[in-house]
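Coordinates as given in work-v7.json (JSON, C-alpha atoms (C1' of nucleotides)):
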[["chain", "number", "residue", "atom", "x", "y", "z"],
["A", 3, "MET", "CA", 53.03, 36.75, -18.83],
["A", 4, "LYS", "CA", 55.01, 33.55, -19.27],
["A", 5, "ARG", "CA", 57.16, 32.91, -16.26],
["A", 6, "LEU", "CA", 60.18, 30.73, -15.84],
["A", 7, "THR", "CA", 59.04, 29.22, -12.57],
["A", 8, "THR", "CA", 60.89, 26.77, -10.36],
["A", 9, "GLN", "CA", 59.07, 23.86, -11.96],
["A", 10, "ARG", "CA", 59.76, 25.01, -15.49],
["A", 11, "GLN", "CA", 63.37, 25.63, -14.60],
["A", 12, "ALA", "CA", 63.63, 22.09, -13.26],
["A", 13, "ILE", "CA", 62.16, 20.70, -16.49],
["A", 14, "LEU", "CA", 64.48, 22.83, -18.57],
["A", 15, "ASP", "CA", 67.55, 21.84, -16.56],
["A", 16, "LEU", "CA", 66.66, 18.20, -16.95],
["A", 17, "ILE", "CA", 66.36, 18.45, -20.71],
["A", 18, "ASN", "CA", 69.41, 20.63, -21.12],
["A", 19, "ALA", "CA", 71.53, 18.23, -19.12],
["A", 20, "SER", "CA", 70.99, 15.34, -21.52],
["A", 21, "ASN", "CA", 70.77, 14.41, -25.15],
["A", 22, "ARG", "CA", 67.68, 12.34, -24.65],
["A", 23, "HIS", "CA", 64.29, 12.84, -26.21],
["A", 24, "TRP", "CA", 61.93, 13.02, -23.26],
["A", 25, "ASP", "CA", 58.20, 12.53, -23.17],
["A", 26, "ALA", "CA", 56.07, 14.17, -20.49],
["A", 27, "GLU", "CA", 55.75, 11.00, -18.47],
["A", 28, "GLU", "CA", 59.51, 10.49, -18.34],
["A", 29, "VAL", "CA", 60.12, 14.06, -17.27],
["A", 30, "ASN", "CA", 57.51, 13.63, -14.58],
["A", 31, "ARG", "CA", 59.07, 10.42, -13.26],
["A", 32, "GLU", "CA", 62.59, 11.73, -13.33],
["A", 33, "LEU", "CA", 61.69, 14.90, -11.46],
["A", 34, "ALA", "CA", 59.84, 12.83, -8.89],
["A", 35, "ASP", "CA", 62.88, 10.58, -8.48],
["A", 36, "ARG", "CA", 64.98, 13.62, -7.83],
["A", 37, "GLY", "CA", 62.61, 14.81, -5.17],
["A", 38, "HIS", "CA", 61.24, 17.77, -7.11],
["A", 39, "SER", "CA", 57.92, 16.16, -7.83],
["A", 40, "VAL", "CA", 55.76, 18.23, -10.19],
["A", 41, "GLY", "CA", 52.16, 17.67, -11.20],
["A", 42, "ILE", "CA", 51.80, 15.94, -14.56],
["A", 43, "ALA", "CA", 49.60, 18.74, -15.87],
["A", 44, "THR", "CA", 52.30, 21.20, -14.94],
["A", 45, "VAL", "CA", 54.82, 19.15, -16.84],
["A", 46, "TYR", "CA", 52.69, 19.29, -19.96],
["A", 47, "ARG", "CA", 52.08, 22.99, -19.58],
["A", 48, "GLY", "CA", 55.72, 23.60, -18.79],
["A", 49, "LEU", "CA", 56.96, 21.73, -21.83],
["A", 50, "THR", "CA", 54.57, 23.66, -24.04],
["A", 51, "ALA", "CA", 55.62, 26.96, -22.52],
["A", 52, "LEU", "CA", 59.31, 26.15, -22.85],
["A", 53, "GLU", "CA", 58.84, 25.18, -26.45],
["A", 54, "GLU", "CA", 56.95, 28.35, -27.24],
["A", 55, "ALA", "CA", 59.78, 30.28, -25.66],
["A", 56, "GLY", "CA", 62.21, 28.44, -27.88],
["A", 57, "LEU", "CA", 64.02, 26.91, -24.93],
["A", 58, "VAL", "CA", 63.34, 23.32, -25.92],
["A", 59, "ALA", "CA", 62.56, 21.61, -29.21],
["A", 60, "SER", "CA", 60.19, 18.77, -29.93],
["A", 61, "ILE", "CA", 59.36, 16.00, -32.32],
["A", 62, "GLN", "CA", 55.82, 14.80, -32.61],
["A", 63, "LEU", "CA", 55.81, 11.06, -32.99],
["A", 64, "ALA", "CA", 52.70, 9.06, -33.69],
["A", 65, "ASP", "CA", 51.95, 8.17, -30.13],
["A", 66, "ARG", "CA", 53.56, 10.91, -28.08],
["A", 67, "LYS", "CA", 55.46, 14.13, -28.26],
["A", 68, "ARG", "CA", 59.10, 14.15, -27.23],
["A", 69, "TYR", "CA", 61.22, 17.08, -26.16],
["A", 70, "GLU", "CA", 64.91, 17.73, -26.53],
["A", 71, "ARG", "CA", 67.41, 20.52, -26.08],
["A", 72, "ALA", "CA", 66.95, 23.51, -28.35],
["A", 73, "ASP", "CA", 70.58, 24.53, -28.42],
["A", 74, "LYS", "CA", 71.53, 22.25, -31.24],
["A", 75, "GLN", "CA", 71.61, 22.88, -34.93],
["A", 76, "HIS", "CA", 68.56, 21.84, -36.85],
["A", 77, "HIS", "CA", 68.33, 18.13, -37.50],
["A", 78, "ASP", "CA", 65.91, 15.36, -38.36],
["A", 79, "HIS", "CA", 65.48, 11.96, -36.79],
["A", 80, "MET", "CA", 65.92, 8.29, -37.53],
["A", 81, "ILE", "CA", 63.97, 5.97, -35.27],
["A", 82, "CYS", "CA", 64.84, 2.33, -34.81],
["A", 83, "THR", "CA", 61.68, 0.27, -35.12],
["A", 84, "GLU", "CA", 63.32, -2.51, -33.14],
["A", 85, "CYS", "CA", 64.80, -0.85, -30.06],
["A", 86, "GLY", "CA", 63.22, 2.59, -30.23],
["A", 87, "ALA", "CA", 66.56, 4.40, -30.36],
["A", 88, "ILE", "CA", 66.38, 7.88, -31.80],
["A", 89, "GLU", "CA", 69.32, 9.10, -33.82],
["A", 90, "GLU", "CA", 69.78, 12.50, -35.33],
["A", 91, "PHE", "CA", 71.04, 13.51, -38.70],
["A", 92, "SER", "CA", 70.99, 16.56, -40.85],
["A", 93, "HIS", "CA", 71.36, 17.09, -44.51],
["A", 94, "HIS", "CA", 71.34, 20.60, -45.84],
["A", 95, "LYS", "CA", 70.51, 19.45, -49.36],
["A", 96, "ILE", "CA", 67.34, 17.79, -48.18],
["A", 97, "GLU", "CA", 66.32, 21.03, -46.52],
["A", 98, "ALA", "CA", 66.98, 22.95, -49.69],
["A", 99, "LEU", "CA", 64.99, 20.53, -51.80],
["A", 100, "GLN", "CA", 62.07, 20.75, -49.43],
["A", 101, "GLU", "CA", 62.03, 24.48, -49.85],
["A", 102, "ALA", "CA", 62.13, 24.02, -53.59],
["A", 103, "ALA", "CA", 59.24, 21.58, -53.55],
["A", 104, "ALA", "CA", 57.18, 23.96, -51.44],
["A", 105, "LEU", "CA", 57.93, 26.89, -53.67],
["A", 106, "GLU", "CA", 56.90, 24.92, -56.70],
["A", 107, "LYS", "CA", 53.41, 24.56, -55.21],
["A", 108, "GLY", "CA", 53.16, 28.16, -54.08],
["A", 109, "PHE", "CA", 53.40, 26.89, -50.55],
["A", 110, "GLU", "CA", 54.75, 29.19, -47.87],
["A", 111, "MET", "CA", 56.66, 26.71, -45.75],
["A", 112, "SER", "CA", 56.99, 27.32, -42.04],
["A", 113, "GLY", "CA", 58.33, 24.00, -40.88],
["A", 114, "HIS", "CA", 58.75, 20.35, -41.61],
["A", 115, "GLN", "CA", 59.01, 17.00, -40.01],
["A", 116, "LEU", "CA", 61.18, 14.26, -41.44],
["A", 117, "VAL", "CA", 61.53, 10.92, -39.74],
["A", 118, "LEU", "CA", 63.24, 7.85, -41.12],
["A", 119, "PHE", "CA", 62.16, 4.46, -39.83],
["A", 120, "GLY", "CA", 64.26, 1.35, -39.87],
["A", 121, "ARG", "CA", 66.77, -0.62, -37.88],
["A", 122, "CYS", "CA", 69.72, 1.07, -36.26],
["A", 123, "ALA", "CA", 73.25, -0.16, -36.78],
["A", 124, "ARG", "CA", 73.29, -1.93, -33.45],
["A", 125, "CYS", "CA", 70.10, -3.88, -34.05],
["A", 126, "VAL", "CA", 71.21, -4.83, -37.54],
["A", 127, "GLY", "CA", 74.49, -6.01, -36.10],
["A", 128, "GLU", "CA", 72.88, -8.05, -33.38],
["A", 129, "SER", "CA", 70.54, -9.91, -35.67],
["A", 130, "THR", "CA", 73.45, -10.65, -37.97],
["A", 131, "GLU", "CA", 75.36, -12.06, -35.00],
["A", 132, "ARG", "CA", 72.48, -14.29, -34.08],
["A", 133, "GLY", "CA", 72.29, -15.52, -37.63],
["A", 134, "LYS", "CA", 75.90, -16.63, -37.43],
["A", 135, "LEU", "CA", 75.55, -18.71, -34.30],
["B", 19, "MET", "CA", 42.60, -15.40, -43.21],
["B", 20, "LYS", "CA", 42.01, -11.75, -44.07],
["B", 21, "ARG", "CA", 38.76, -11.35, -45.90],
["B", 22, "LEU", "CA", 37.56, -8.60, -48.15],
["B", 23, "THR", "CA", 34.13, -8.36, -46.58],
["B", 24, "THR", "CA", 31.21, -6.19, -47.61],
["B", 25, "GLN", "CA", 32.19, -3.59, -45.05],
["B", 26, "ARG", "CA", 35.81, -3.50, -46.08],
["B", 27, "GLN", "CA", 34.82, -3.33, -49.72],
["B", 28, "ALA", "CA", 32.63, -0.35, -48.92],
["B", 29, "ILE", "CA", 35.51, 1.39, -47.16],
["B", 30, "LEU", "CA", 37.85, 0.61, -50.02],
["B", 31, "ASP", "CA", 35.40, 1.84, -52.63],
["B", 32, "LEU", "CA", 34.95, 5.06, -50.74],
["B", 33, "ILE", "CA", 38.66, 5.74, -50.58],
["B", 34, "ASN", "CA", 39.34, 4.67, -54.13],
["B", 35, "ALA", "CA", 36.63, 6.96, -55.44],
["B", 36, "SER", "CA", 38.29, 10.10, -54.11],
["B", 37, "ASN", "CA", 41.59, 11.84, -53.67],
["B", 38, "ARG", "CA", 40.85, 12.76, -50.11],
["B", 39, "HIS", "CA", 42.76, 11.77, -47.05],
["B", 40, "TRP", "CA", 40.18, 10.18, -44.79],
["B", 41, "ASP", "CA", 40.30, 9.58, -41.09],
["B", 42, "ALA", "CA", 38.30, 6.79, -39.49],
["B", 43, "GLU", "CA", 35.59, 9.09, -38.24],
["B", 44, "GLU", "CA", 35.02, 10.58, -41.68],
["B", 45, "VAL", "CA", 34.81, 7.17, -43.29],
["B", 46, "ASN", "CA", 32.34, 6.14, -40.64],
["B", 47, "ARG", "CA", 30.13, 9.18, -41.18],
["B", 48, "GLU", "CA", 30.23, 8.98, -44.93],
["B", 49, "LEU", "CA", 29.27, 5.31, -44.97],
["B", 50, "ALA", "CA", 26.45, 6.03, -42.56],
["B", 51, "ASP", "CA", 25.23, 8.84, -44.81],
["B", 52, "ARG", "CA", 25.16, 6.43, -47.72],
["B", 53, "GLY", "CA", 23.11, 3.97, -45.75],
["B", 54, "HIS", "CA", 25.84, 1.37, -45.29],
["B", 55, "SER", "CA", 26.43, 2.13, -41.66],
["B", 56, "VAL", "CA", 29.38, 0.27, -40.22],
["B", 57, "GLY", "CA", 30.55, 0.07, -36.64],
["B", 58, "ILE", "CA", 33.40, 2.43, -35.85],
["B", 59, "ALA", "CA", 35.55, -0.43, -34.55],
["B", 60, "THR", "CA", 35.02, -2.19, -37.84],
["B", 61, "VAL", "CA", 36.12, 0.90, -39.70],
["B", 62, "TYR", "CA", 39.35, 0.99, -37.73],
["B", 63, "ARG", "CA", 39.96, -2.71, -38.22],
["B", 64, "GLY", "CA", 39.03, -2.48, -41.86],
["B", 65, "LEU", "CA", 41.38, 0.39, -42.54],
["B", 66, "THR", "CA", 44.20, -1.46, -40.84],
["B", 67, "ALA", "CA", 43.47, -4.62, -42.80],
["B", 68, "LEU", "CA", 43.26, -2.76, -46.09],
["B", 69, "GLU", "CA", 46.53, -1.06, -45.41],
["B", 70, "GLU", "CA", 48.24, -4.32, -44.52],
["B", 71, "ALA", "CA", 46.94, -5.72, -47.78],
["B", 72, "GLY", "CA", 48.43, -2.77, -49.60],
["B", 73, "LEU", "CA", 45.04, -1.61, -50.83],
["B", 74, "VAL", "CA", 45.17, 1.78, -49.16],
["B", 75, "ALA", "CA", 48.00, 3.99, -47.93],
["B", 76, "SER", "CA", 48.18, 6.15, -44.87],
["B", 77, "ILE", "CA", 49.86, 9.12, -43.30],
["B", 78, "GLN", "CA", 50.16, 9.35, -39.58],
["B", 79, "LEU", "CA", 49.60, 12.90, -38.51],
["B", 80, "ALA", "CA", 50.02, 14.10, -34.95],
["B", 81, "ASP", "CA", 46.42, 13.76, -33.94],
["B", 82, "ARG", "CA", 45.01, 11.13, -36.24],
["B", 83, "LYS", "CA", 45.83, 8.70, -38.99],
["B", 84, "ARG", "CA", 44.54, 9.41, -42.46],
["B", 85, "TYR", "CA", 44.04, 7.02, -45.33],
["B", 86, "GLU", "CA", 44.23, 7.52, -49.05],
["B", 87, "ARG", "CA", 44.29, 5.49, -52.24],
["B", 88, "ALA", "CA", 47.27, 3.23, -52.67],
["B", 89, "ASP", "CA", 47.30, 3.31, -56.45],
["B", 90, "LYS", "CA", 49.40, 6.40, -56.69],
["B", 91, "GLN", "CA", 53.12, 6.79, -56.95],
["B", 92, "HIS", "CA", 54.96, 7.43, -53.74],
["B", 93, "HIS", "CA", 54.67, 10.95, -52.47],
["B", 94, "ASP", "CA", 54.98, 13.08, -49.38],
["B", 95, "HIS", "CA", 52.64, 15.71, -48.03],
["B", 96, "MET", "CA", 52.37, 19.41, -47.42],
["B", 97, "ILE", "CA", 49.78, 20.45, -44.89],
["B", 98, "CYS", "CA", 48.31, 23.90, -44.72],
["B", 99, "THR", "CA", 48.33, 25.06, -41.13],
["B", 100, "GLU", "CA", 45.60, 27.52, -41.92],
["B", 101, "CYS", "CA", 42.92, 25.56, -43.78],
["B", 102, "GLY", "CA", 44.11, 22.02, -43.22],
["B", 103, "ALA", "CA", 44.41, 21.26, -46.91],
["B", 104, "ILE", "CA", 46.71, 18.39, -47.72],
["B", 105, "GLU", "CA", 48.75, 18.59, -50.89],
["B", 106, "GLU", "CA", 51.04, 15.97, -52.29],
["B", 107, "PHE", "CA", 54.45, 16.27, -53.80],
["B", 108, "SER", "CA", 57.30, 14.00, -54.62],
["B", 109, "HIS", "CA", 60.93, 14.59, -55.14],
["B", 110, "HIS", "CA", 63.12, 11.66, -56.11],
["B", 111, "LYS", "CA", 66.26, 13.48, -55.03],
["B", 112, "ILE", "CA", 64.97, 13.86, -51.52],
["B", 113, "GLU", "CA", 64.31, 10.15, -51.39],
["B", 114, "ALA", "CA", 67.80, 9.40, -52.58],
["B", 115, "LEU", "CA", 69.36, 11.71, -50.03],
["B", 116, "GLN", "CA", 67.38, 10.11, -47.26],
["B", 117, "GLU", "CA", 68.78, 6.74, -48.21],
["B", 118, "ALA", "CA", 72.24, 8.22, -48.24],
["B", 119, "ALA", "CA", 71.80, 9.74, -44.79],
["B", 120, "ALA", "CA", 70.56, 6.41, -43.43],
["B", 121, "LEU", "CA", 73.43, 4.51, -44.95],
["B", 122, "GLU", "CA", 75.89, 6.91, -43.45],
["B", 123, "LYS", "CA", 74.65, 5.95, -39.99],
["B", 124, "GLY", "CA", 74.54, 2.23, -40.72],
["B", 125, "PHE", "CA", 70.79, 2.51, -40.56],
["B", 126, "GLU", "CA", 68.70, -0.01, -42.45],
["B", 127, "MET", "CA", 65.85, 2.17, -43.61],
["B", 128, "SER", "CA", 62.41, 0.67, -44.06],
["B", 129, "GLY", "CA", 60.31, 3.76, -44.47],
["B", 130, "HIS", "CA", 60.05, 7.45, -43.89],
["B", 131, "GLN", "CA", 57.61, 10.21, -43.20],
["B", 132, "LEU", "CA", 58.08, 13.69, -44.54],
["B", 133, "VAL", "CA", 55.56, 16.41, -43.95],
["B", 134, "LEU", "CA", 55.94, 20.08, -44.76],
["B", 135, "PHE", "CA", 53.91, 22.59, -42.80],
["B", 136, "GLY", "CA", 52.98, 26.04, -43.95],
["B", 137, "ARG", "CA", 50.33, 28.00, -45.79],
["B", 138, "CYS", "CA", 48.97, 26.76, -49.07],
["B", 139, "ALA", "CA", 48.87, 28.97, -52.14],
["B", 140, "ARG", "CA", 45.19, 29.72, -51.65],
["B", 141, "CYS", "CA", 45.53, 30.85, -48.06],
["B", 142, "VAL", "CA", 48.56, 32.97, -48.88],
["B", 143, "GLY", "CA", 46.58, 34.56, -51.69],
["B", 144, "GLU", "CA", 43.56, 35.26, -49.56],
["B", 145, "SER", "CA", 45.48, 36.97, -46.79],
["B", 146, "THR", "CA", 47.24, 39.07, -49.42],
["B", 147, "GLU", "CA", 43.84, 40.04, -50.83],
["B", 148, "ARG", "CA", 42.58, 41.08, -47.44],
["B", 149, "GLY", "CA", 45.68, 43.16, -46.97],
["B", 150, "LYS", "CA", 44.88, 45.09, -50.10],
["B", 151, "LEU", "CA", 41.37, 46.03, -49.14],
["C", 15, "DA", "C1'", 24.14, -29.64, -47.95],
["C", 16, "DA", "C1'", 25.34, -29.90, -43.07],
["C", 17, "DA", "C1'", 28.94, -29.35, -40.00],
["C", 18, "DT", "C1'", 33.32, -27.25, -38.57],
["C", 19, "DT", "C1'", 36.27, -23.66, -37.90],
["C", 20, "DA", "C1'", 38.34, -19.34, -38.39],
["C", 21, "DA", "C1'", 37.63, -14.60, -39.11],
["C", 22, "DA", "C1'", 34.78, -10.39, -38.93],
["C", 23, "DT", "C1'", 31.28, -7.57, -36.87],
["C", 24, "DG", "C1'", 29.10, -4.42, -33.56],
["C", 25, "DA", "C1'", 28.31, -2.31, -29.16],
["C", 26, "DG", "C1'", 30.32, -0.72, -25.59],
["C", 27, "DA", "C1'", 34.05, -0.67, -22.21],
["C", 28, "DA", "C1'", 38.76, 0.38, -21.66],
["C", 29, "DT", "C1'", 43.22, 2.63, -22.73],
["C", 30, "DG", "C1'", 46.51, 6.21, -22.94],
["C", 31, "DG", "C1'", 48.26, 10.66, -24.04],
["C", 32, "DT", "C1'", 46.89, 15.13, -23.47],
["C", 33, "DT", "C1'", 43.97, 19.09, -22.22],
["C", 34, "DA", "C1'", 40.42, 21.47, -19.40],
["C", 35, "DT", "C1'", 38.53, 22.87, -14.92],
["C", 36, "DC", "C1'", 38.90, 25.18, -10.77],
["C", 37, "DA", "C1'", 40.28, 26.31, -6.34],
["C", 38, "DT", "C1'", 44.56, 27.72, -4.45],
["C", 39, "DT", "C1'", 49.18, 29.64, -4.49],
["C", 40, "DC", "C1'", 52.74, 32.47, -6.35],
["C", 41, "DC", "C1'", 54.89, 36.51, -8.20],
["C", 42, "DG", "C1'", 55.46, 41.04, -10.31],
["C", 43, "DA", "C1'", 53.86, 45.61, -10.46],
["C", 44, "DT", "C1'", 51.30, 49.32, -8.57],
["D", 11, "DA", "C1'", 51.05, 45.57, 1.59],
["D", 12, "DT", "C1'", 47.84, 44.90, -2.07],
["D", 13, "DC", "C1'", 45.93, 43.67, -6.43],
["D", 14, "DG", "C1'", 45.68, 40.93, -10.55],
["D", 15, "DG", "C1'", 47.30, 38.05, -13.78],
["D", 16, "DA", "C1'", 49.95, 33.58, -14.14],
["D", 17, "DA", "C1'", 51.08, 29.03, -12.61],
["D", 18, "DT", "C1'", 50.20, 24.96, -9.95],
["D", 19, "DG", "C1'", 48.14, 20.53, -8.70],
["D", 20, "DA", "C1'", 44.55, 17.23, -8.39],
["D", 21, "DT", "C1'", 41.23, 15.47, -10.88],
["D", 22, "DA", "C1'", 37.84, 15.17, -14.41],
["D", 23, "DA", "C1'", 37.18, 15.27, -19.19],
["D", 24, "DC", "C1'", 38.58, 14.46, -24.07],
["D", 25, "DC", "C1'", 39.40, 11.99, -28.02],
["D", 26, "DA", "C1'", 41.46, 8.73, -31.11],
["D", 27, "DT", "C1'", 42.12, 4.15, -30.99],
["D", 28, "DT", "C1'", 42.06, -0.62, -29.24],
["D", 29, "DC", "C1'", 40.08, -4.37, -26.68],
["D", 30, "DT", "C1'", 36.39, -7.57, -25.13],
["D", 31, "DC", "C1'", 33.09, -10.68, -26.10],
["D", 32, "DA", "C1'", 28.93, -12.45, -27.68],
["D", 33, "DT", "C1'", 27.06, -13.00, -32.26],
["D", 34, "DT", "C1'", 27.23, -13.39, -37.26],
["D", 35, "DT", "C1'", 29.41, -14.48, -41.54],
["D", 36, "DA", "C1'", 32.02, -16.99, -44.72],
["D", 37, "DA", "C1'", 35.37, -20.43, -46.32],
["D", 38, "DT", "C1'", 36.50, -25.45, -45.86],
["D", 39, "DT", "C1'", 35.80, -30.06, -44.86],
["D", 40, "DT", "C1'", 33.00, -34.14, -44.46]]
Is it possible to give me this structure as structure tokens?
Amino acid sequence: MKRLTTQRQAILDLINASNRHWDAEEVNRELADRGHSVGIATVYRGLTALEEAGLVASIQLADRKRYERADKQHHDHMICTECGAIEEFSHHKIEALQEAAALEKGFEMSGHQLVLFGRCARCVGESTERGKL
Amino acid sequence: MKRLTTQRQAILDLINASNRHWDAEEVNRELADRGHSVGIATVYRGLTALEEAGLVASIQLADRKRYERADKQHHDHMICTECGAIEEFSHHKIEALQEAAALEKGFEMSGHQLVLFGRCARCVGESTERGKL
DNA sequence: AAATTAAATGAGAATGGTTATCATTCCGAT
DNA sequence: ATCGGAATGATAACCATTCTCATTTAATTT
């Protein structure tokens, strides 16, 4: 029960070979482009299976779920509302304080999701440039 | 432009009169039950309009968006993965550290979303009870 | 107050990400 | 080689949300 099939291996290889945050559609397109076309349903099931196995990680954004490599240290995300870029950051103190807040409410924490929204350095820079011209 | 119509007032009253986190469907049903039935599209548009006007606040969860009163101090949420209960908490230090993390990346932060997942005190208690019997 | 104009409503169609269905194929274990 | 439980793929179904568009409502102007 729970097999690492050819298709799942292809999905896993794809994700492991990059630092991107992939959604199902992108994985599907990329595999197709590489000639290993896989049914979209299989992609969804594969991503779920891989995540359950701890082989990939995910962030659930408002509109879609995105998957990334699991072999990184824990981190949270900053998303640029202008260009969509996703940056990662981690702050051990924030983690600790979350635990503290949970404890205070008698809450048995199993996970969390922290996303910062704003404009990335590049977009801020570009709009500043434009302002100067 | 942007009117506080009868329908929107009804939605606003509903939300203001409770501490719940409502989704569009629930608002729709509750209004119908009270005899002020409103089209579901109007509920969605109304909630959006009220939020833009700063009259209600929202949290975007994976599956659906939920709305709550806006007249509370800023807070984040803990969601019980067992019973679905939503609790609120706030921690000024976490906020400060988020800003710091953003700054460090040259990120111009405009907002954030922090959600803790786990089991609420009640659900933890109940499963402990069952264990004892 | 009547006319004008912009915004809001409601019903239903459409969208888009994701999951379910089901017949078929694959793979591991007997 | 066979049996049985997974996985696959195509497609239908789901479900929250948005869009369309004809109609109604309300604010503004004459």
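The residue that comes closest to chain B, out of D:DC24, D:DA37, D:DA32, D:DA17 and on the basis of only C-alpha atoms (C1' of nucleotides), is D:DA37.
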Problem set entry | Contact set, chain A to chain D: 9 Å, all atoms listed in the file, as a PyMOL selection string | chain A and resi 3-5+7+40-44
For this session: Could the residues of chain C within 8 Å of chain B, counting only C-alpha atoms (C1' of nucleotides), be given as a ChimeraX atom specification, please?
Result: /C:20-24
For this session: May I have the residues of chain B within 8 Å of chain A, counting all atoms listed in the file, written as a PyMOL selection string?
Result: chain B and resi 78-81+96+107-109+111-112+115-116+119-120+123-139+142
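Neighbouring residues of His39 in chain B at 8 Å or closer, counting all atoms listed in the file and skipping chain neighbours under 4 positions away, are Arg84, Tyr85, Glu86 and Ile104 of chain B.
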Seminar exercise, completed: The distance between CA of Arg38 in chain B and CA of Thr24 in chain B is 21.4 Å
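CA of Ile17 in chain A to CA of Cys85 in chain A spans 21.5 Å [interatomic distance, one decimal].
Picture a line from CA of Val61 in chain B to C1' of DT32 in chain C; it runs 24.1 Å.
Across A:Ala26, A:Ala87, A:Ala72, A:Ile13, the tightest approach to Val58 in chain A is made by A:Ala72 when counting only C-alpha atoms.
Nearest residue to Ala35 in chain B, choosing from B:Gly102, B:Leu68, B:Asp89, B:Ala50 and counting only C-alpha atoms: B:Asp89.
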Generate all heavy atoms for range 40-45 of chain B and emit them as a tab-separated table (two decimals), keeping the file's coordinate frame.
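Okay, this is what ended up in out00.tsv:
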chain	number	residue	atom	x	y	z
B	40	TRP	N	41.25	10.43	-45.75
B	40	TRP	CA	40.18	10.18	-44.79
B	40	TRP	C	40.68	9.74	-43.43
B	40	TRP	O	41.59	8.92	-43.36
B	40	TRP	CB	39.29	9.06	-45.31
B	40	TRP	CG	38.67	9.28	-46.65
B	40	TRP	CD1	39.25	9.10	-47.86
B	40	TRP	CD2	37.32	9.65	-46.91
B	40	TRP	NE1	38.34	9.35	-48.87
B	40	TRP	CE2	37.15	9.69	-48.31
B	40	TRP	CE3	36.22	9.95	-46.08
B	40	TRP	CZ2	35.93	10.02	-48.90
B	40	TRP	CZ3	35.01	10.27	-46.68
B	40	TRP	CH2	34.88	10.32	-48.08
B	41	ASP	N	40.04	10.21	-42.38
B	41	ASP	CA	40.30	9.58	-41.09
B	41	ASP	C	39.13	8.64	-40.80
B	41	ASP	O	38.11	8.66	-41.50
B	41	ASP	CB	40.52	10.62	-39.97
B	41	ASP	CG	39.27	11.42	-39.64
B	41	ASP	OD1	38.16	10.94	-39.89
B	41	ASP	OD2	39.41	12.53	-39.12
B	42	ALA	N	39.29	7.82	-39.78
B	42	ALA	CA	38.30	6.79	-39.49
B	42	ALA	C	36.90	7.38	-39.27
B	42	ALA	O	35.90	6.85	-39.78
B	42	ALA	CB	38.73	6.00	-38.25
B	43	GLU	N	36.86	8.46	-38.55
B	43	GLU	CA	35.59	9.09	-38.24
B	43	GLU	C	34.87	9.54	-39.51
B	43	GLU	O	33.67	9.35	-39.67
B	43	GLU	CB	35.86	10.30	-37.34
B	43	GLU	CG	34.63	11.00	-36.83
B	43	GLU	CD	33.67	10.08	-36.12
B	43	GLU	OE1	34.15	9.19	-35.39
B	43	GLU	OE2	32.44	10.22	-36.31
B	44	GLU	N	35.62	10.11	-40.44
B	44	GLU	CA	35.02	10.58	-41.68
B	44	GLU	C	34.49	9.42	-42.52
B	44	GLU	O	33.42	9.50	-43.10
B	44	GLU	CB	36.06	11.37	-42.49
B	44	GLU	CG	36.39	12.72	-41.87
B	44	GLU	CD	37.63	13.36	-42.49
B	44	GLU	OE1	38.35	12.68	-43.25
B	44	GLU	OE2	37.86	14.56	-42.22
B	45	VAL	N	35.26	8.36	-42.56
B	45	VAL	CA	34.81	7.17	-43.29
B	45	VAL	C	33.51	6.67	-42.68
B	45	VAL	O	32.54	6.39	-43.36
B	45	VAL	CB	35.88	6.06	-43.23
B	45	VAL	CG1	35.31	4.74	-43.75
B	45	VAL	CG2	37.10	6.46	-44.04
